[in-house]
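What follows is a set of notes on a single structure, which appears directly below.
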Amino acid sequence: VLEQADGGYRVTREIDVLDVPDTLHALIAARLDGLEPIQHRLLEDASILGKTFTAAGLADVAALPESDVEAHLKRLVRKEILNVELDPRSPERGQYGFLHALVQKVTYDTLSRKERKARHLAVADYLEREWGPEDAEIVEVVASHYLEAFRAAPDAEDAAAIKAKACNRLTRAAERAASLAANEDAYSRYLEAADLADEASSRALLLENAGQAARASGRFGAAAEAFEQAVGLFDTAGETHPAARATARLGGILYEQGRIDEGIQRMEQAFGVLATDEPDGDLAALAHELARLYLFAGNAKLHYERVELALDIAEALELPEIISDALNTKSVLYQQRPHESGALMREALRVALDHDLMNPALRAYNNLAYLLGLHDQFEDARAACADGIALARRRGYRNWEWILRTNLAEALYQAGEWDRALEIADDLPEEARSIGFGTFPGEVVFWISLFRGQLETAREMAAFTATGEDSNDLQVRGVALLVQARLNAAEGRRDDAARLARAALEPLVTYGSPYLNEGVGALVDTALAAGDTSLVEEGLSRTEGLMPSKPSLRGHRARGTALLAAQAGGSDRVGPAFKAAEASFDAVHTPFWLAVTRLDHACWLVDTGRLDEAAPLLALAREGFERLRACPYLDRVAELEGRLQPATA
C-alpha cells in the first residue's frame with residue numbers, strides 16, 4: 001500500500017478501512033482504560049462526533065454541564081490524548097480533536113453496537129437541533145449518523161424508522177451535492193439512499209436520479225446500469241409512466257455507447273405503452289428522445305412525427321425542459337436552412353437558461369456550435385463552445401465539457417489552429433477517449449497527424465474511430481469511413497481509398513454533417529489518384545445544391561471541378577474554378593484547404609508553362625503549409641519550386 005518517494009512514503013491506492021494491528025490496539029486500549037471513567041465516557045461520545053468537536057456539542061451529547069466537560073477536556077489535552085486549535089486564523093479555533101486518529105478509531109471500536117446506535121442517534125439529534133433539520137450544510141453528516149445507527153442494530157424495533165430517516169437525509173444530501181455540481185458525490189448518495197428504500201417505486205426513483213448524476217459526471221456505464229435497474233423496479237411496481245421516462249433516459253445512454261438500434265427498440269416498446277394513455281410529460285419526454293435518435297439514424301419521417309408530438313404536449317402542459325430539447329432537435333432537422341435552424345436553436349437555449357435547465361442548456365450550446373460550424377462560422381462556433389464549457393465546469397457536467405471541448409477542437413482544426421486543437425485532445429482524460437465518438441476528437445487528431453505526415457499517430461486515431469464504420473448513426477459512420485479512406489490513400493491503397501470515400505459520402509450527405517466538405521475533398525483526391533474521374537463527377541453531382549450557404553463546400557466542389565477540367569484539357573474552365581475555390585476557402589479562413597488549392601492551381605500553371613503566374617501562388621502555399629507544419633505538402637511545394645528554376649548546363 002505504501003511506497004517510498006521523495007524521502008518519505010506515499011499511499012498508492014485508496015484505503016477504505018484502516019486496520020489497527022492487535023498490539024497497537026491493545027496498547028491504546030490500555031491507556032484509555034487508565035483514564036477516569038467520566039473521561040473515558042466523554043472520549044467515547046467524542047469518537048462519534050468526529051475527529052474534531054466543540055465542548056458545547058460534546059456536553060449536549062453527553063448530557064453534562066458544559067463547564068464540567070470543558071474541565072475534563074483540558075485534562076485530556078494535558079495527557080496528550082486530545083489537542084485544541086488555538087490559531088486565531090483557523091475557522092476551527094477553540095475546537096478539540098483527537099491528537100491521533102488511531103485513538104479515535106480504537107475508542108469507537110470498543111463501543112458495543114447498542115452503545116454506537118444510541119450515541120449516533122444522540123449526535124444526529126444534536127446536529128439537527130443545533131443547525132435545524134432543513135440546513136443543507138449539515139444534512140450529509142446527519143445522514144451518516146442515522147445510517148450508522150441503523151447498521152448498528154438493523155433488527156431492532158425502531159430500525160425501520162431509523163432507516164427511513166437515513167434514506168431521507170441521504171436523498172437530501174444527494175440533492176445538495178447535485179446542486180453544487182458534485183455529481184460523483186450525488187451519484188454515491190443516491191445509491192446509498194436507494195439501498196435503504198423499502199418500496200420498489202421509491203428505490204427506482206432514487207436509482208433514476210443516480211443515473212442522471214452518473215451521466216452528468218461522464219460515467220455512462222454506471223448511468224446505464226442505474227437506469228436499467230430503475231426501469232425494472234418501476235415495471236415491478238406497475239409504474240408505467242416513470243418506467244417510460246427512465247427508458248427514454250436509458251435510450252440516450254445506449255446511443256452514447258454506440259448502441260443506437262438498441263436504444264430505439266427499447267424506447268419504442270415504452271412508446272407503445274404510453275401512446276395509449278392520456279398525453280403527459282412522460283410521453284412528451286419519450287417522444288423527444290425517440291425523435292433525437294431517429295435524426296441520427298436518418299429516419300426523417302419518424303423524427304418529424306415524434307418531435308412534433310413532443311412539442312404539442314410540452315406546449316400544452318408548459319414543460320420548459322421538453323420544449324427546449326424538442327426545439328433543439330427540430331432545429332437540426334432544418335440544418336440546411338441556417339436562419340430557421342439558428343432561430344430554433346437560440347430559442348431552445350433561451351428557454352433552458354431562463355429555467356436553469358442544465359442538460360438542455362449545455363446540449364443547446366453544443367448544437368448551436370455544431371450548426372455554426374456546419375455553416376463555416378467557426379469564430380462564432382468557438383464562442384458558443386467557450387460559453388458552454390464555462391457553464392459545464394461551473395455546474396460539474398463533465399460529459400458535456402468533454403463534448404463541447406471536442407466541438408471546439410473541430411472548429412480550431414477548420415480554422416487552422418492545429419496546435420490548440422491538439423492541446424485540447426491531450427488535455428481530455430482517458431475516460432473521455434474510452435467512451436468513444438463525440439467525447440474525444442479522434443478524427444481531428446487524425447486529420448492533423450495525417451496532413452503533418454505523422455502516420456503512426458494517424459493509424460492510432462484511425463483505429464479509435466474504426467468501430468463506427470458499421471454504425472447506424474449516420475454521422476458516426478460517415479466520419480469513420482472518411483478516416484479510413486484517407487488512411488488507405490496515405491498507405492498507397494488507392495482503389496480501396498476511393499471505394500471508402502464513396503461509401504462515406506452517402507451518410508454525410510443524408511445527415512448533412514459538418515464533414516461533408518471533407519468528404520467531397522477526400523472523394524476528389526482518392527478518386528483522381530485511382531484514375532476514376534467518373535467517381536468525382538458522381539460526387540459533385542450528388543452534392544449539387546446542398547448547403548448553398550456553406551462556402552467551404554462550394555470551395556471543395558470548385559476545386560474538384562478545376563481538377564477534373566485540368567485532366568480533360570479544358571483550360572478555359574480550370575483557372576476560374578481554382579480561383580472560385582480559393583475565394584471560398586479564403587472567405588471562411590480555412591488555411592489548409594486554401595493552401596492545398598493554391599498548390600493544385602500552381603501545379604496546373606507549371607504544367608501548362610505559366611511559371612510566372614505559378615510562383616506567387618506557390619509562395620503563398622508554402623507560407624500556409626509552414627505555419628501548419630504540413631510536411632508532406634511542403635515536400636510537394638519544394639518539388640514544384642524546383643521546376644520553376646531555370647535549367648543549368
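How things are named: the first chain in the C-alpha cells is A, the next is B, and so on; residues count from 1 in each chain; ligands count from 1 in the order shown.
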**Study point:** Residue set, stretch 30-267 of chain A restricted to helix (DSSP H, G or I), as a ChimeraX atom specification
**Key:** /A:30-33,37-49,55-62,66-78,101-109,113-131,139-152,159-179,183-196,200-216,220-236,240-256,260-267
Practice item. Can you pull out every residue within 8 Å of stretch 46-59 of chain A, counting only C-alpha atoms, but drop anything in the same chain fewer than 3 positions away, and send it as a count of residues only? Key: 25
Review point. A:Lys330: which residues within 8 Å, counting only C-alpha atoms, same-chain residues fewer than 3 positions away excluded, as number ranges by chain?
Key: A: 304, 307, 326-327, 333-334, 341, 344
Check your understanding: Could you name the residues that touch A:Val332 at 12 Å or less, counting only C-alpha atoms, but leaving out those on the same chain fewer than 6 positions away, as a PyMOL selection string?
Key -> chain A and resi 291-296+298+300+303-304+307+325-326+338-346+348+363-364+366-372+374+511-514
Exercise for review: Identify, on the basis of only C-alpha atoms, every residue whose closest approach to A:Ala530 does not exceed 7 Å; exclude the query and any residue fewer than 6 positions from it along the same chain; express the result as a ChimeraX atom specification.
Suggested key: /A:494-495,498
Could the residues in this selection be saved with N, CA, C and O atoms as an mmCIF file, in the first residue's frame?
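Okay, this is what ended up in result-v1.cif:
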```
data_model
loop_
_atom_site.group_PDB
_atom_site.id
_atom_site.type_symbol
_atom_site.label_atom_id
_atom_site.label_comp_id
_atom_site.auth_asym_id
_atom_site.auth_seq_id
_atom_site.Cartn_x
_atom_site.Cartn_y
_atom_site.Cartn_z
ATOM 1 N N ARG A 494 -4.958 2.835 -53.308
ATOM 2 C CA ARG A 494 -5.758 3.853 -53.984
ATOM 3 C C ARG A 494 -7.189 3.404 -54.267
ATOM 4 O O ARG A 494 -8.141 4.160 -54.047
ATOM 5 N N ASP A 495 -7.353 2.187 -54.777
ATOM 6 C CA ASP A 495 -8.704 1.727 -55.110
ATOM 7 C C ASP A 495 -9.572 1.602 -53.858
ATOM 8 O O ASP A 495 -10.746 1.999 -53.857
ATOM 9 N N ALA A 498 -10.602 5.093 -52.679
ATOM 10 C CA ALA A 498 -11.700 5.685 -53.454
ATOM 11 C C ALA A 498 -13.035 5.023 -53.100
ATOM 12 O O ALA A 498 -14.067 5.697 -52.972
#
```
Practice item. Provide the atom CA of A:Ala285 to atom CA of A:Glu321 distance in Å, to one decimal place. Key: 8.8 Å
Write out as a PDB file with C-alpha atoms, in the first residue's frame each polymer residue whose atoms come within 9 Å of stretch 209-221 of chain A, counting only C-alpha atoms; drop sequence neighbours fewer than 3 positions from it.
```
ATOM      1  CA  ALA A 174     -27.598  13.810  -2.849  1.00  0.00           C
ATOM      2  CA  ALA A 178     -26.102  17.713  -7.379  1.00  0.00           C
ATOM      3  CA  ALA A 181     -22.144  20.181  -9.279  1.00  0.00           C
ATOM      4  CA  ALA A 182     -20.625  17.438  -7.094  1.00  0.00           C
ATOM      5  CA  ASN A 183     -22.185  14.799  -9.328  1.00  0.00           C
ATOM      6  CA  GLU A 184     -19.892  11.951  -8.230  1.00  0.00           C
ATOM      7  CA  ASP A 185     -20.977  12.534  -4.620  1.00  0.00           C
ATOM      8  CA  ALA A 186     -24.606  12.863  -5.695  1.00  0.00           C
ATOM      9  CA  TYR A 187     -24.382   9.520  -7.507  1.00  0.00           C
ATOM     10  CA  SER A 188     -22.937   7.789  -4.423  1.00  0.00           C
ATOM     11  CA  ARG A 189     -25.515   9.303  -2.035  1.00  0.00           C
ATOM     12  CA  TYR A 190     -28.434   8.370  -4.312  1.00  0.00           C
ATOM     13  CA  LEU A 191     -27.179   4.780  -4.476  1.00  0.00           C
ATOM     14  CA  ALA A 194     -31.709   3.507  -2.860  1.00  0.00           C
ATOM     15  CA  ALA A 204     -36.470   3.133  -8.653  1.00  0.00           C
ATOM     16  CA  LEU A 205     -36.752   6.928  -8.477  1.00  0.00           C
ATOM     17  CA  LEU A 206     -33.533   7.158  -6.466  1.00  0.00           C
ATOM     18  CA  ALA A 224     -26.916   2.745 -17.933  1.00  0.00           C
ATOM     19  CA  GLU A 225     -26.830   0.259 -15.059  1.00  0.00           C
ATOM     20  CA  ALA A 226     -28.771   2.605 -12.763  1.00  0.00           C
ATOM     21  CA  PHE A 227     -31.402   3.369 -15.425  1.00  0.00           C
ATOM     22  CA  ALA A 230     -34.861   1.760 -12.301  1.00  0.00           C
ATOM     23  CA  ARG A 249     -33.016   8.209 -20.438  1.00  0.00           C
ATOM     24  CA  LEU A 250     -31.584   4.713 -20.850  1.00  0.00           C
ATOM     25  CA  ILE A 253     -27.183   6.406 -22.773  1.00  0.00           C
ATOM     26  CA  LEU A 254     -27.335   3.446 -25.164  1.00  0.00           C
ATOM     27  CA  GLU A 256     -23.918   7.494 -26.266  1.00  0.00           C
ATOM     28  CA  GLN A 257     -22.422   4.000 -26.070  1.00  0.00           C
ATOM     29  CA  ASN A 359     -28.711  19.417 -19.610  1.00  0.00           C
ATOM     30  CA  GLY A 396     -19.993  19.905 -12.805  1.00  0.00           C
ATOM     31  CA  TYR A 397     -21.210  18.328 -16.069  1.00  0.00           C
ATOM     32  CA  ARG A 398     -18.034  16.559 -17.135  1.00  0.00           C
ATOM     33  CA  ASN A 399     -19.590  14.705 -20.078  1.00  0.00           C
ATOM     34  CA  TRP A 400     -20.837  17.958 -21.619  1.00  0.00           C
ATOM     35  CA  TRP A 402     -15.780  16.806 -22.963  1.00  0.00           C
ATOM     36  CA  GLU A 431     -12.102   8.253 -19.664  1.00  0.00           C
ATOM     37  CA  ALA A 432     -13.352  10.572 -22.422  1.00  0.00           C
ATOM     38  CA  ILE A 435     -16.446   6.444 -24.243  1.00  0.00           C
TER      39      ILE A 435
END
```
At a cut-off of 6 Å, can you tabulate as a Markdown table every residue of stretch 395-464 of chain A near stretch 581-598 of chain A together with its closest atom pair and the distance in Å to one decimal, using only C-alpha atoms and ordering rows by chain then number?
```
| residue | atom | partner | partner_atom | distance |
| --- | --- | --- | --- | --- |
| A:Gln414 | CA | A:Thr590 | CA | 5.7 |
| A:Ala415 | CA | A:Thr590 | CA | 5.0 |
| A:Gly416 | CA | A:Pro591 | CA | 5.7 |
```
Write the selection just made, keeping N, CA, C and O atoms, as an mmCIF file, in the first residue's frame?
```cif
data_model
loop_
_atom_site.group_PDB
_atom_site.id
_atom_site.type_symbol
_atom_site.label_atom_id
_atom_site.label_comp_id
_atom_site.auth_asym_id
_atom_site.auth_seq_id
_atom_site.Cartn_x
_atom_site.Cartn_y
_atom_site.Cartn_z
ATOM 1 N N GLN A 414 -10.569 23.385 -38.321
ATOM 2 C CA GLN A 414 -11.012 24.013 -39.564
ATOM 3 C C GLN A 414 -10.367 25.391 -39.739
ATOM 4 O O GLN A 414 -10.031 25.793 -40.858
ATOM 5 N N ALA A 415 -10.179 26.122 -38.633
ATOM 6 C CA ALA A 415 -9.613 27.470 -38.694
ATOM 7 C C ALA A 415 -8.094 27.463 -38.761
ATOM 8 O O ALA A 415 -7.476 28.541 -38.786
ATOM 9 N N GLY A 416 -7.484 26.280 -38.799
ATOM 10 C CA GLY A 416 -6.035 26.196 -38.948
ATOM 11 C C GLY A 416 -5.263 26.337 -37.657
ATOM 12 O O GLY A 416 -4.033 26.426 -37.680
#
```
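For the set A:Glu92, A:Glu537, A:Glu140, A:Asp600, the residue with the smallest atom-to-atom gap to A:Arg559 is A:Asp600, counting only C-alpha atoms.
Take atom CA of A:Lys163 and atom CA of A:Leu207: the distance between them is 17.3 Å.
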Practice item. Excluding stretch 231-240 of chain A and residues on its chain fewer than 2 positions from it, collect all residues at most 9 Å away from it, counting only C-alpha atoms, and give them as a ChimeraX atom specification. Key: /A:199-205,208,226-229,242-247,250,270,273-274
Check your understanding: Smallest atom-to-atom distance to A:Gly624: which of A:Asp470, A:Glu148, A:Glu417, A:Asp426, using only C-alpha atoms?
Key -> A:Glu417
Review point. Restricting the calculation to only C-alpha atoms, which member of A:Ala558, A:Leu628, A:Ile424, A:Ala565 is positioned closest to A:Ile448?
Key: A:Leu628
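As for atom CA of A:Val479 and atom CA of A:Phe446, they are spaced 11.0 Å apart.
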